[in-house]
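A.B. asks: Provided below: model_9.txt, containing compact mmCIF, C-alpha atoms and all ligand atoms.
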# COMPACT_ATOMS: atom_id res chain seq x y z
CA MET A 137 67.51 119.30 55.44
CA GLN A 138 70.06 121.70 56.90
CA PRO A 139 73.57 120.36 57.67
CA GLU A 140 72.93 121.19 61.35
CA ALA A 141 70.01 118.76 61.36
CA LEU A 142 72.22 116.10 59.77
CA PHE A 143 74.77 116.51 62.57
CA GLY A 144 71.92 116.25 65.03
CA LEU A 145 70.95 112.91 63.51
CA ALA A 146 74.55 111.70 63.44
CA LEU A 147 74.97 112.54 67.12
CA GLY A 148 71.61 111.11 68.09
CA ILE A 149 70.52 114.45 69.52
CA THR A 150 66.79 114.35 70.15
CA PRO A 151 64.26 117.08 71.06
CA PRO A 152 64.10 119.30 72.97
CA TRP A 153 67.81 119.39 72.04
CA GLU A 154 68.89 120.32 68.52
CA VAL A 155 72.12 121.22 66.76
CA THR A 156 71.92 124.94 66.02
CA SER A 157 75.31 125.65 64.49
CA VAL A 158 78.32 123.88 63.06
CA VAL A 159 81.51 125.91 62.74
CA PHE A 160 84.47 124.41 61.00
CA THR A 161 87.85 126.13 61.55
CA LYS A 162 90.42 124.61 59.25
CA GLU A 163 93.38 126.53 60.71
CA ALA A 164 92.55 125.42 64.23
CA ASN A 165 91.86 121.87 63.08
CA ARG A 166 88.58 121.82 64.89
CA ILE A 167 84.86 121.63 64.43
CA ASP A 168 82.53 123.22 66.96
CA LEU A 169 78.92 122.13 67.25
CA THR A 170 76.47 124.13 69.27
CA ILE A 171 73.49 122.33 70.73
CA ASP A 172 70.57 124.18 72.18
CA PHE A 173 67.17 123.35 73.55
CA GLN A 174 63.96 124.56 71.96
CA ARG A 175 62.37 127.68 73.36
CA GLY A 176 59.90 126.90 76.11
CA ALA A 177 61.30 123.38 76.68
CA THR A 178 60.84 121.78 80.07
CA PHE A 179 63.11 119.18 81.66
CA PRO A 180 62.54 116.54 84.31
CA CYS A 181 63.68 117.70 87.76
CA PRO A 182 66.89 115.77 88.63
CA VAL A 183 65.54 115.19 92.14
CA CYS A 184 61.88 114.15 91.70
CA GLY A 185 61.42 113.92 87.93
CA ALA A 186 58.61 116.49 87.71
CA SER A 187 58.53 118.46 84.48
CA SER A 188 60.20 121.78 85.30
CA PRO A 189 60.77 125.09 83.53
CA VAL A 190 64.26 126.46 82.88
CA HIS A 191 65.51 128.84 85.57
CA ASP A 192 68.87 129.86 84.07
CA THR A 193 71.70 128.31 82.06
CA THR A 194 75.48 127.72 82.19
CA GLU A 195 77.72 127.43 79.13
CA LYS A 196 79.59 124.13 78.91
CA GLU A 197 81.93 122.48 76.45
CA TRP A 198 82.61 118.76 75.83
CA ARG A 199 85.28 117.14 73.77
CA HIS A 200 83.73 114.70 71.30
CA LEU A 201 85.17 112.08 68.96
CA ASN A 202 87.23 113.53 66.16
CA PHE A 203 85.63 113.97 62.79
CA PHE A 204 88.52 112.69 60.68
CA GLN A 205 91.54 114.76 61.76
CA TYR A 206 89.41 117.53 63.24
CA GLU A 207 88.90 117.76 66.96
CA ALA A 208 85.22 118.05 67.66
CA TYR A 209 83.68 120.01 70.52
CA LEU A 210 80.08 120.25 71.60
CA HIS A 211 78.81 123.43 73.22
CA ALA A 212 75.56 123.93 75.00
CA ARG A 213 73.96 126.12 77.59
CA VAL A 214 72.90 123.66 80.22
CA PRO A 215 69.75 124.63 82.10
CA ARG A 216 69.16 124.72 85.78
CA VAL A 217 65.51 123.98 86.36
CA LYS A 218 63.19 125.28 89.03
CA CYS A 219 61.04 122.38 90.14
CA PRO A 220 57.38 123.06 90.95
CA ASN A 221 58.01 121.15 94.19
CA ASN A 222 59.77 123.79 96.23
CA ASP A 223 61.72 121.23 98.25
CA CYS A 224 63.80 120.26 95.20
CA GLY A 225 65.17 123.77 94.66
CA VAL A 226 67.04 124.89 91.56
CA LYS A 227 69.07 122.06 90.00
CA LEU A 228 71.39 121.61 87.04
CA ILE A 229 69.98 119.00 84.67
CA GLN A 230 72.02 116.16 83.24
CA VAL A 231 72.51 116.29 79.48
CA PRO A 232 71.99 113.00 77.62
CA TRP A 233 75.38 113.02 75.87
CA ALA A 234 77.73 113.35 78.88
CA ARG A 235 78.23 112.45 82.52
CA ALA A 236 77.80 115.22 85.05
CA ASN A 237 81.02 117.21 85.50
CA SER A 238 82.79 115.50 82.64
CA GLY A 239 84.32 117.58 79.85
CA PHE A 240 83.92 114.65 77.44
CA THR A 241 80.94 113.18 75.67
CA LEU A 242 79.95 109.63 76.60
CA LEU A 243 81.05 108.42 73.19
CA PHE A 244 84.50 109.95 73.69
CA GLU A 245 84.72 108.29 77.11
CA ALA A 246 83.66 104.97 75.57
CA LEU A 247 86.57 105.31 73.17
CA VAL A 248 88.94 106.09 76.08
CA MET A 249 87.76 103.00 77.96
CA THR A 250 88.21 100.84 74.88
CA LEU A 251 91.69 102.15 74.09
CA ALA A 252 92.74 101.79 77.72
CA ARG A 253 92.60 98.01 77.31
CA ASP A 254 95.53 98.14 74.91
CA LEU A 255 97.35 101.44 75.22
CA PRO A 256 99.45 103.10 77.89
CA VAL A 257 97.77 106.25 79.16
CA ASN A 258 100.52 108.57 77.93
CA VAL A 259 100.25 107.13 74.40
CA MET A 260 96.48 107.47 74.50
CA ALA A 261 96.84 111.08 75.68
CA ARG A 262 99.06 111.91 72.72
CA LEU A 263 96.74 110.15 70.29
CA LEU A 264 93.64 111.91 71.57
CA THR A 265 95.39 115.24 72.29
CA VAL A 266 94.12 115.32 75.85
CA THR A 267 96.20 115.60 79.02
CA ASP A 268 96.98 112.41 80.92
CA ASN A 269 95.34 113.76 84.05
CA ARG A 270 91.99 114.18 82.34
CA LEU A 271 92.19 110.62 81.03
CA TRP A 272 93.01 109.28 84.48
CA ARG A 273 89.92 111.05 85.82
CA VAL A 274 87.77 109.28 83.22
CA LEU A 275 89.35 105.91 84.00
CA ASP A 276 88.96 106.44 87.77
CA ALA A 277 85.30 107.40 87.38
CA TYR A 278 84.36 104.35 85.30
CA VAL A 279 86.33 101.96 87.46
CA ALA A 280 84.54 103.33 90.53
CA LYS A 281 81.14 103.03 88.84
CA ALA A 282 81.78 99.51 87.61
CA ARG A 283 83.05 98.45 91.03
CA ASP A 284 79.83 99.75 92.62
CA ASN A 285 77.95 97.08 90.64
CA GLU A 286 80.29 94.24 91.63
CA ASP A 287 78.90 91.34 93.62
CA HIS A 288 81.43 89.53 95.83
CA SER A 289 78.96 87.34 97.70
CA ALA A 290 80.37 84.09 96.28
CA VAL A 291 84.00 84.82 97.15
CA SER A 292 85.53 82.09 99.32
CA ARG A 293 89.14 81.61 98.20
CA ILE A 294 91.39 84.58 97.95
CA GLY A 295 94.97 85.39 97.14
CA MET A 296 96.82 88.47 98.26
CA ASP A 297 99.94 90.01 96.89
CA GLU A 298 101.92 93.21 97.13
CA THR A 299 103.62 95.23 94.48
CA SER A 300 105.15 98.67 94.29
CA ALA A 301 104.27 101.56 92.04
CA LYS A 302 107.90 102.64 91.97
CA LYS A 303 110.72 100.23 92.59
CA GLY A 304 110.76 99.70 96.33
CA HIS A 305 108.34 102.58 97.00
CA ASN A 306 104.61 103.25 97.06
CA TYR A 307 103.44 99.76 97.87
CA VAL A 308 99.97 98.52 97.08
CA THR A 309 98.32 95.31 98.21
CA LEU A 310 96.05 93.49 95.79
CA PHE A 311 93.39 90.93 96.66
CA TYR A 312 92.17 88.37 94.16
CA ASP A 313 89.32 85.92 93.86
CA LEU A 314 91.12 82.70 93.02
CA ASP A 315 87.99 81.05 91.61
CA GLN A 316 86.83 83.91 89.42
CA ARG A 317 90.46 84.73 88.71
CA LYS A 318 90.08 88.41 89.08
CA LEU A 319 91.23 91.37 91.11
CA LEU A 320 88.73 92.18 93.86
CA PHE A 321 90.42 95.04 95.65
CA GLY A 322 93.58 97.10 95.67
CA THR A 323 94.75 99.51 98.35
CA PRO A 324 97.92 101.47 99.16
CA GLY A 325 100.25 100.00 101.79
CA LYS A 326 101.45 96.53 102.70
CA ASP A 327 100.67 96.24 106.38
CA HIS A 328 97.96 94.23 108.12
CA GLU A 329 95.58 97.22 107.86
CA THR A 330 95.27 96.50 104.16
CA VAL A 331 93.49 93.26 105.09
CA THR A 332 91.08 95.19 107.30
CA GLU A 333 90.28 97.48 104.39
CA PHE A 334 89.77 94.54 102.07
CA ALA A 335 87.41 92.85 104.54
CA ALA A 336 85.34 96.05 104.73
CA ASP A 337 85.21 96.31 100.94
CA LEU A 338 84.22 92.65 100.69
CA ILE A 339 81.28 93.23 103.03
CA LYS A 340 80.30 96.33 101.04
CA HIS A 341 80.02 94.12 97.95
CA GLY A 342 77.91 91.44 99.62
CA GLY A 343 80.78 89.17 100.67
CA ASP A 344 81.46 87.69 104.07
CA PRO A 345 84.92 87.35 105.70
CA GLU A 346 83.60 84.38 107.73
CA GLN A 347 82.95 82.59 104.47
CA ILE A 348 86.59 82.74 103.35
CA THR A 349 88.02 79.21 103.42
CA ASP A 350 91.44 79.67 101.82
CA VAL A 351 93.94 82.48 101.68
CA ALA A 352 97.06 82.25 99.55
CA ILE A 353 99.64 84.77 100.73
CA ASP A 354 103.32 85.48 100.80
CA MET A 355 105.21 84.87 104.01
CA SER A 356 105.09 88.43 105.29
CA LYS A 357 104.27 88.73 108.99
CA ALA A 358 101.86 91.59 108.31
CA PHE A 359 99.75 89.57 105.86
CA ILE A 360 99.69 86.56 108.15
CA LYS A 361 98.60 88.71 111.09
CA GLY A 362 95.94 90.45 108.99
CA ALA A 363 94.59 87.27 107.44
CA LYS A 364 94.43 85.40 110.75
CA GLY A 365 92.56 88.31 112.30
CA LYS A 366 90.04 88.86 109.54
CA PHE A 367 89.39 85.38 108.13
CA PRO A 368 88.93 83.17 111.18
CA HIS A 369 87.88 80.09 109.18
CA ALA A 370 90.51 80.28 106.48
CA VAL A 371 93.47 77.99 105.91
CA LEU A 372 96.55 80.02 105.07
CA THR A 373 98.78 78.65 102.36
CA PHE A 374 102.06 79.97 101.12
CA ASP A 375 101.76 79.23 97.50
CA HIS A 376 104.32 78.14 94.98
CA PHE A 377 104.60 81.58 93.42
CA HIS A 378 105.42 83.41 96.63
CA VAL A 379 107.88 80.81 97.89
CA ILE A 380 109.82 80.83 94.63
CA GLN A 381 109.58 84.61 94.47
CA LEU A 382 111.27 84.90 97.86
CA MET A 383 113.99 82.48 96.82
CA THR A 384 114.49 84.46 93.62
CA LYS A 385 114.85 87.67 95.62
CA THR A 386 117.44 85.97 97.81
CA LEU A 387 119.36 84.80 94.74
CA SER A 388 119.09 88.24 93.23
CA LYS A 389 120.60 89.91 96.30
CA ILE A 390 123.45 87.44 96.55
CA ARG A 391 124.30 87.85 92.88
CA ALA A 392 124.15 91.64 93.06
CA GLU A 393 126.53 91.73 96.06
CA GLU A 394 128.90 89.25 94.52
CA SER A 395 128.98 90.98 91.17
CA ARG A 396 130.60 93.95 92.88
CA LEU A 397 133.47 91.65 93.90
CA PHE A 398 133.72 89.84 90.55
CA PRO A 399 132.38 92.25 87.95
CA GLU A 400 134.36 90.61 85.14
CA ILE A 401 132.51 87.33 85.72
CA LEU A 402 129.08 88.44 86.86
CA ASN A 403 128.50 91.67 84.98
CA LYS A 404 125.18 91.58 83.15
CA SER A 405 124.46 88.07 84.40
CA ARG A 406 121.25 88.95 86.24
CA TYR A 407 118.85 87.47 83.69
CA LEU A 408 120.95 84.36 83.24
CA PHE A 409 120.35 83.55 86.88
CA LEU A 410 116.76 84.72 87.10
CA LYS A 411 115.32 83.15 83.98
CA ASN A 412 114.13 79.59 84.13
CA PRO A 413 116.74 77.40 82.44
CA GLU A 414 114.32 76.29 79.73
CA ASN A 415 113.88 79.91 78.67
CA LEU A 416 117.58 80.62 78.13
CA THR A 417 118.89 80.96 74.59
CA SER A 418 121.72 78.56 73.81
CA GLU A 419 124.17 81.44 73.98
CA GLU A 420 122.89 82.44 77.43
CA GLU A 421 122.99 78.84 78.55
CA GLN A 422 126.63 78.53 77.52
CA ARG A 423 127.56 81.66 79.41
CA LEU A 424 125.70 80.58 82.54
CA ASN A 425 127.28 77.13 82.42
CA ALA A 426 130.72 78.73 82.13
CA ILE A 427 130.04 80.90 85.21
CA ILE A 428 128.75 77.92 87.18
CA ALA A 429 131.62 75.64 86.21
CA GLY A 430 134.42 78.19 86.52
CA GLN A 431 134.16 79.54 90.04
CA ASN A 432 133.01 78.54 93.45
CA LEU A 433 130.51 81.39 93.60
CA LYS A 434 127.82 82.09 96.17
CA SER A 435 125.54 83.03 93.26
CA THR A 436 125.94 79.54 91.83
CA GLU A 437 125.06 77.98 95.14
CA ALA A 438 121.97 80.17 95.47
CA TYR A 439 121.00 79.31 91.91
CA LEU A 440 121.15 75.59 92.58
CA HIS A 441 119.08 75.99 95.75
CA LYS A 442 116.50 77.84 93.69
CA LEU A 443 116.32 75.06 91.09
CA ASN A 444 115.99 72.45 93.83
CA LEU A 445 113.24 74.42 95.53
CA GLN A 446 111.36 74.72 92.24
CA ASN A 447 111.76 70.99 91.89
CA VAL A 448 109.77 70.45 95.10
CA TYR A 449 106.71 71.65 93.22
CA PHE A 450 106.96 68.87 90.70
CA ALA A 451 106.09 66.42 93.48
CA GLU A 452 102.95 64.38 92.88
CA ASN A 453 101.65 64.59 96.42
CA ARG A 454 102.30 66.10 99.81
CA GLN A 455 104.36 63.18 101.06
CA GLU A 456 106.76 63.35 98.16
CA ALA A 457 106.86 67.14 98.44
CA GLU A 458 107.71 66.97 102.14
CA ALA A 459 110.58 64.58 101.45
CA LEU A 460 111.98 66.92 98.77
CA LEU A 461 111.47 69.99 100.93
CA THR A 462 113.21 68.33 103.87
CA GLN A 463 116.16 67.52 101.66
CA TRP A 464 116.22 71.07 100.33
CA HIS A 465 116.05 72.48 103.85
CA ASP A 466 118.88 70.26 105.14
CA GLN A 467 121.16 71.49 102.37
CA ALA A 468 120.14 75.15 102.47
CA SER A 469 120.43 75.45 106.24
CA ALA A 470 124.00 74.09 106.02
CA SER A 471 125.00 76.77 103.50
CA ARG A 472 127.99 79.04 104.06
CA VAL A 473 125.87 81.96 102.74
CA PRO A 474 123.87 83.72 105.47
CA LEU A 475 121.08 84.80 103.11
CA ILE A 476 120.52 81.18 102.04
CA ARG A 477 120.39 80.06 105.66
CA LYS A 478 117.88 82.84 106.29
CA MET A 479 115.72 81.57 103.43
CA ALA A 480 115.94 78.05 104.88
CA ALA A 481 114.77 79.37 108.26
CA THR A 482 111.84 81.20 106.64
CA VAL A 483 110.77 78.02 104.88
CA LYS A 484 111.02 76.09 108.14
CA ALA A 485 108.91 78.69 109.95
CA HIS A 486 106.14 78.36 107.34
CA TRP A 487 106.46 74.64 106.80
CA SER A 488 102.85 73.53 107.05
CA GLY A 489 101.52 76.48 105.07
CA ILE A 490 103.97 75.72 102.27
CA LEU A 491 103.02 72.05 102.20
CA GLY A 492 99.38 73.11 102.43
CA HIS A 493 99.74 73.94 98.75
CA PHE A 494 99.70 70.20 98.05
CA ASP A 495 96.48 69.61 100.01
CA SER A 496 94.44 72.48 98.65
CA ASN A 497 93.65 72.65 95.00
CA LEU A 498 94.21 76.38 94.96
CA ASN A 499 95.33 77.43 91.58
CA SER A 500 98.42 79.38 92.44
CA GLY A 501 99.40 79.49 88.80
CA PHE A 502 96.86 82.26 88.62
CA LEU A 503 98.83 84.47 91.03
CA GLU A 504 101.90 84.02 88.91
CA GLY A 505 100.00 84.90 85.75
CA VAL A 506 98.27 87.88 87.28
CA ASN A 507 101.58 89.17 88.56
CA SER A 508 102.74 89.58 84.98
CA LEU A 509 99.46 91.35 84.18
CA ILE A 510 100.22 93.77 86.99
CA GLN A 511 103.68 94.36 85.55
CA ALA A 512 101.85 95.27 82.34
CA ALA A 513 99.61 97.61 84.35
CA LYS A 514 102.74 99.39 85.59
CA ALA A 515 103.87 99.86 82.02
CA ARG A 516 100.46 101.30 81.12
CA ALA A 517 100.66 103.71 84.00
CA ARG A 518 104.13 104.78 82.91
CA GLY A 519 105.14 108.24 84.07
CA TYR A 520 102.25 108.30 86.51
CA ARG A 521 103.30 105.65 88.89
CA ASN A 522 101.45 106.75 91.93
CA THR A 523 99.51 104.16 93.85
CA LYS A 524 96.11 105.45 92.76
CA ASN A 525 96.87 105.18 89.06
CA LEU A 526 98.45 101.79 89.50
CA ILE A 527 95.37 100.48 91.30
CA THR A 528 93.05 101.93 88.64
CA MET A 529 95.08 100.28 85.90
CA ALA A 530 95.18 96.99 87.82
CA TYR A 531 91.37 97.03 88.01
CA LEU A 532 91.19 97.72 84.29
CA ILE A 533 93.52 94.90 83.40
CA ALA A 534 92.73 92.27 86.02
CA GLY A 535 89.37 93.27 87.51
CA LYS A 536 87.09 91.77 84.85
CA LEU A 537 84.86 94.78 85.46
CA LYS A 538 81.74 95.15 83.35
CA PHE A 539 81.91 98.49 81.59
CA ASP A 540 79.51 97.55 78.79
CA ALA A 541 76.58 97.78 81.16
CA LEU A 542 77.53 101.33 82.13
CA PHE A 543 77.57 102.45 78.52
CA ASP A 544 74.53 100.46 77.37
CA GLN A 545 72.35 102.55 79.62
CA LYS A 546 73.30 105.85 78.13
CA VAL A 547 75.51 105.85 75.14
CA HIS A 548 72.71 105.12 72.68
CA THR A 549 71.66 108.72 73.06
CA VAL A 550 74.78 109.90 71.30
CA GLN A 551 75.52 107.01 68.97
CA PRO A 552 75.22 107.74 65.27
CA THR A 553 71.94 106.45 63.93
ZN ZN A 601 61.66 118.13 91.83
Let me see the file written as structure tokens.
Ligand SMILES: [Zn+2]
C.D. replies:
Amino acid sequence: MQPEALFGLALGITPPWEVTSVVFTKEANRIDLTIDFQRGATFPCPVCGASSPVHDTTEKEWRHLNFFQYEAYLHARVPRVKCPNNDCGVKLIQVPWARANSGFTLLFEALVMTLARDLPVNVMARLLTVTDNRLWRVLDAYVAKARDNEDHSAVSRIGMDETSAKKGHNYVTLFYDLDQRKLLFGTPGKDHETVTEFAADLIKHGGDPEQITDVAIDMSKAFIKGAKGKFPHAVLTFDHFHVIQLMTKTLSKIRAEESRLFPEILNKSRYLFLKNPENLTSEEEQRLNAIIAGQNLKSTEAYLHKLNLQNVYFAENRQEAEALLTQWHDQASASRVPLIRKMAATVKAHWSGILGHFDSNLNSGFLEGVNSLIQAAKARARGYRNTKNLITMAYLIAGKLKFDALFDQKVHTVQPT
């Protein structure tokens, strides 16, 4: 057996295709395999499937998995066939080892999709010696294909959240299925139109906006307007995560402003105030306690309001929660700090939706958990923080998309036997 035939076996190349040459260039660190079809071969017409003769060919190249440290490339002249049914015209056939218009073999793309679960794209690009942009195109294509197969007909309880690709810029809104605990849809923007787009996408995947019973959202006017308009039968709740998040933002602002006045006290204190007390190291705890005890700071006041608000969520039932929330509101609305009074007013304005958390058994812990997944997605998309890449990465990390099915159909044709 010729070495070419061995490579053909290893790549799973089957007739009429065969490996006709293998060129190994040590200096260039690469191995080039040429695949060709047997003389006189016919191919199924891509339109109707009728066996068709070759009309002409185009040279193409695909990057394949490395053989050890050598980059491997497949080359082939890909036929356009002339179907006996004149209506079909002359069409480029699809080769069994790659997707149409991809410069990678399916096996290489399978590796990309596998690595993408654990590696940032820029690291993967370095490892595979491919540009980031080409990897993003592969990721985008598979995410789109996997999403086409998604069935959202059982979705009834959703959560929505916003995040930004760059700090304070390029917002995206993400919609989750709270029962399946997965990302359903992501779209640029953070206005009520994002809800319209989600509703359309839900319908496209077999879902029904009328069937939505619960929506967990933050207290933004745009989301409330969008959700009320699109999900007429849904109860809106302002979940634990979003309420605390808003309080944390308030605290963060107050601390940042005050640290300009008292840098010697508050410099580098951000994490002391933002971490939950149980997560502080004993050293951090000592420093925080010293700050709290030493000065009559607005930051300290905001911090205590945050702890008290968190405490509301330890209530056993709605009644107890309402009593704690009332107490919190009375204190916060009497604050000397305008931002704390503003937070108190926001809570008051969303009172029943906040307490709704204690009636519904929506698992808002999920939103908190998924938020840290999305932070991880941002890290993976590092250097390419546009909204499109962020959304693609969010689908990869939190979408529970089924990629195996996409590869099962085809990849066997290039897997080593
Ligand atoms: Zn045809």
A.B. asks: One decimal, Å: what's the distance from atom CA of A:Thr436 over to atom CA of A:Gly505, could you say?
C.D. replies: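 Straight-line distance from atom CA of A:Thr436 to atom CA of A:Gly505 works out to 27.2 Å.
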A.B. asks: Residues within 10 Å of ligand ZN 601 (chain A) should be enumerated using all atoms listed in the file and returned as an NGL selection string.
C.D. replies: :A and (180-188 or 217-227)
A.B. asks: Could you pull the residues within 12 Å of A:Ala392, counting only C-alpha atoms, minus those fewer than 5 positions along the same chain, as number ranges by chain?
C.D. replies: A: 385-387, 397-399, 401-407, 409-410, 434-435, 438
A.B. asks: At what distance in Å, to one decimal, does atom CA of A:Phe321 lie from atom CA of A:Asp540?
C.D. replies: 20.2 Å
A.B. asks: Quick one: residues within 10 Å of (118.3, 72.1, 98.0) (file frame), counting only C-alpha atoms, please, as an mmCIF file with C-alpha atoms, keeping the file's coordinate frame.
C.D. replies:
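New file result-v3.cif:
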data_model
loop_
_atom_site.group_PDB
_atom_site.id
_atom_site.type_symbol
_atom_site.label_atom_id
_atom_site.label_comp_id
_atom_site.auth_asym_id
_atom_site.auth_seq_id
_atom_site.Cartn_x
_atom_site.Cartn_y
_atom_site.Cartn_z
ATOM 1 C CA GLU A 437 125.060 77.980 95.140
ATOM 2 C CA ALA A 438 121.970 80.170 95.470
ATOM 3 C CA TYR A 439 121.000 79.310 91.910
ATOM 4 C CA LEU A 440 121.150 75.590 92.580
ATOM 5 C CA HIS A 441 119.080 75.990 95.750
ATOM 6 C CA LYS A 442 116.500 77.840 93.690
ATOM 7 C CA LEU A 443 116.320 75.060 91.090
ATOM 8 C CA ASN A 444 115.990 72.450 93.830
ATOM 9 C CA LEU A 445 113.240 74.420 95.530
ATOM 10 C CA GLN A 446 111.360 74.720 92.240
ATOM 11 C CA ASN A 447 111.760 70.990 91.890
ATOM 12 C CA VAL A 448 109.770 70.450 95.100
ATOM 13 C CA LEU A 460 111.980 66.920 98.770
ATOM 14 C CA LEU A 461 111.470 69.990 100.930
ATOM 15 C CA THR A 462 113.210 68.330 103.870
ATOM 16 C CA GLN A 463 116.160 67.520 101.660
ATOM 17 C CA TRP A 464 116.220 71.070 100.330
ATOM 18 C CA HIS A 465 116.050 72.480 103.850
ATOM 19 C CA ASP A 466 118.880 70.260 105.140
ATOM 20 C CA GLN A 467 121.160 71.490 102.370
ATOM 21 C CA ALA A 468 120.140 75.150 102.470
ATOM 22 C CA SER A 469 120.430 75.450 106.240
ATOM 23 C CA SER A 471 125.000 76.770 103.500
ATOM 24 C CA ALA A 480 115.940 78.050 104.880
#
A.B. asks: Quick one: contact table of stretch 351-393 of chain A to stretch 482-499 of chain A, 6 Å max, nearest atom pair and distance in Å to one decimal per residue, counting all atoms listed in the file, chain and number order, as a tab-separated table?
C.D. replies:
residue	atom	partner	partner_atom	distance
A:Thr373	CA	A:Gly489	CA	4.4
A:Phe374	CA	A:Ile490	CA	4.8
A:Asp375	CA	A:His493	CA	5.8
A.B. asks: Report, in Å to a single decimal, how far apart atom CA of A:Met529 and atom CA of A:Phe377 are.
C.D. replies: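 Separating atom CA of A:Phe377 from atom CA of A:Met529 is a distance of 22.3 Å.
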A.B. asks: Give me stretch 284-298 of chain A with N, CA and C atoms filled in, as a PDB file, keeping the file's coordinate frame.
C.D. replies:
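What landed in selection_10.pdb:
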ATOM      1  N   ASP A 284      81.061  99.632  91.838  1.00  0.00           N
ATOM      2  CA  ASP A 284      79.830  99.750  92.620  1.00  0.00           C
ATOM      3  C   ASP A 284      78.868  98.608  92.304  1.00  0.00           C
ATOM      4  N   ASN A 285      78.886  98.139  91.059  1.00  0.00           N
ATOM      5  CA  ASN A 285      77.950  97.080  90.640  1.00  0.00           C
ATOM      6  C   ASN A 285      78.475  95.675  90.918  1.00  0.00           C
ATOM      7  N   GLU A 286      79.689  95.559  91.449  1.00  0.00           N
ATOM      8  CA  GLU A 286      80.290  94.240  91.630  1.00  0.00           C
ATOM      9  C   GLU A 286      79.651  93.488  92.798  1.00  0.00           C
ATOM     10  N   ASP A 287      79.469  92.196  92.586  1.00  0.00           N
ATOM     11  CA  ASP A 287      78.900  91.340  93.620  1.00  0.00           C
ATOM     12  C   ASP A 287      79.973  90.337  94.071  1.00  0.00           C
ATOM     13  N   HIS A 288      80.383  90.417  95.329  1.00  0.00           N
ATOM     14  CA  HIS A 288      81.430  89.530  95.830  1.00  0.00           C
ATOM     15  C   HIS A 288      80.860  88.484  96.811  1.00  0.00           C
ATOM     16  N   SER A 289      79.579  88.223  96.698  1.00  0.00           N
ATOM     17  CA  SER A 289      78.960  87.340  97.700  1.00  0.00           C
ATOM     18  C   SER A 289      79.435  85.898  97.595  1.00  0.00           C
ATOM     19  N   ALA A 290      79.955  85.486  96.423  1.00  0.00           N
ATOM     20  CA  ALA A 290      80.370  84.090  96.280  1.00  0.00           C
ATOM     21  C   ALA A 290      81.863  83.883  96.567  1.00  0.00           C
ATOM     22  N   VAL A 291      82.555  84.938  96.971  1.00  0.00           N
ATOM     23  CA  VAL A 291      84.000  84.820  97.150  1.00  0.00           C
ATOM     24  C   VAL A 291      84.337  83.958  98.366  1.00  0.00           C
ATOM     25  N   SER A 292      85.145  82.913  98.178  1.00  0.00           N
ATOM     26  CA  SER A 292      85.530  82.090  99.320  1.00  0.00           C
ATOM     27  C   SER A 292      87.035  81.808  99.349  1.00  0.00           C
ATOM     28  N   ARG A 293      87.696  81.914  98.210  1.00  0.00           N
ATOM     29  CA  ARG A 293      89.140  81.610  98.200  1.00  0.00           C
ATOM     30  C   ARG A 293      89.879  82.791  97.601  1.00  0.00           C
ATOM     31  N   ILE A 294      90.740  83.356  98.403  1.00  0.00           N
ATOM     32  CA  ILE A 294      91.390  84.580  97.950  1.00  0.00           C
ATOM     33  C   ILE A 294      92.915  84.459  97.956  1.00  0.00           C
ATOM     34  N   GLY A 295      93.522  85.282  97.152  1.00  0.00           N
ATOM     35  CA  GLY A 295      94.970  85.390  97.140  1.00  0.00           C
ATOM     36  C   GLY A 295      95.333  86.836  97.376  1.00  0.00           C
ATOM     37  N   MET A 296      96.400  87.080  98.110  1.00  0.00           N
ATOM     38  CA  MET A 296      96.820  88.470  98.260  1.00  0.00           C
ATOM     39  C   MET A 296      98.288  88.620  97.911  1.00  0.00           C
ATOM     40  N   ASP A 297      98.604  89.792  97.405  1.00  0.00           N
ATOM     41  CA  ASP A 297      99.940  90.010  96.890  1.00  0.00           C
ATOM     42  C   ASP A 297     100.263  91.496  97.010  1.00  0.00           C
ATOM     43  N   GLU A 298     101.548  91.794  97.084  1.00  0.00           N
ATOM     44  CA  GLU A 298     101.920  93.210  97.130  1.00  0.00           C
ATOM     45  C   GLU A 298     102.777  93.530  95.924  1.00  0.00           C
TER      46      GLU A 298
END
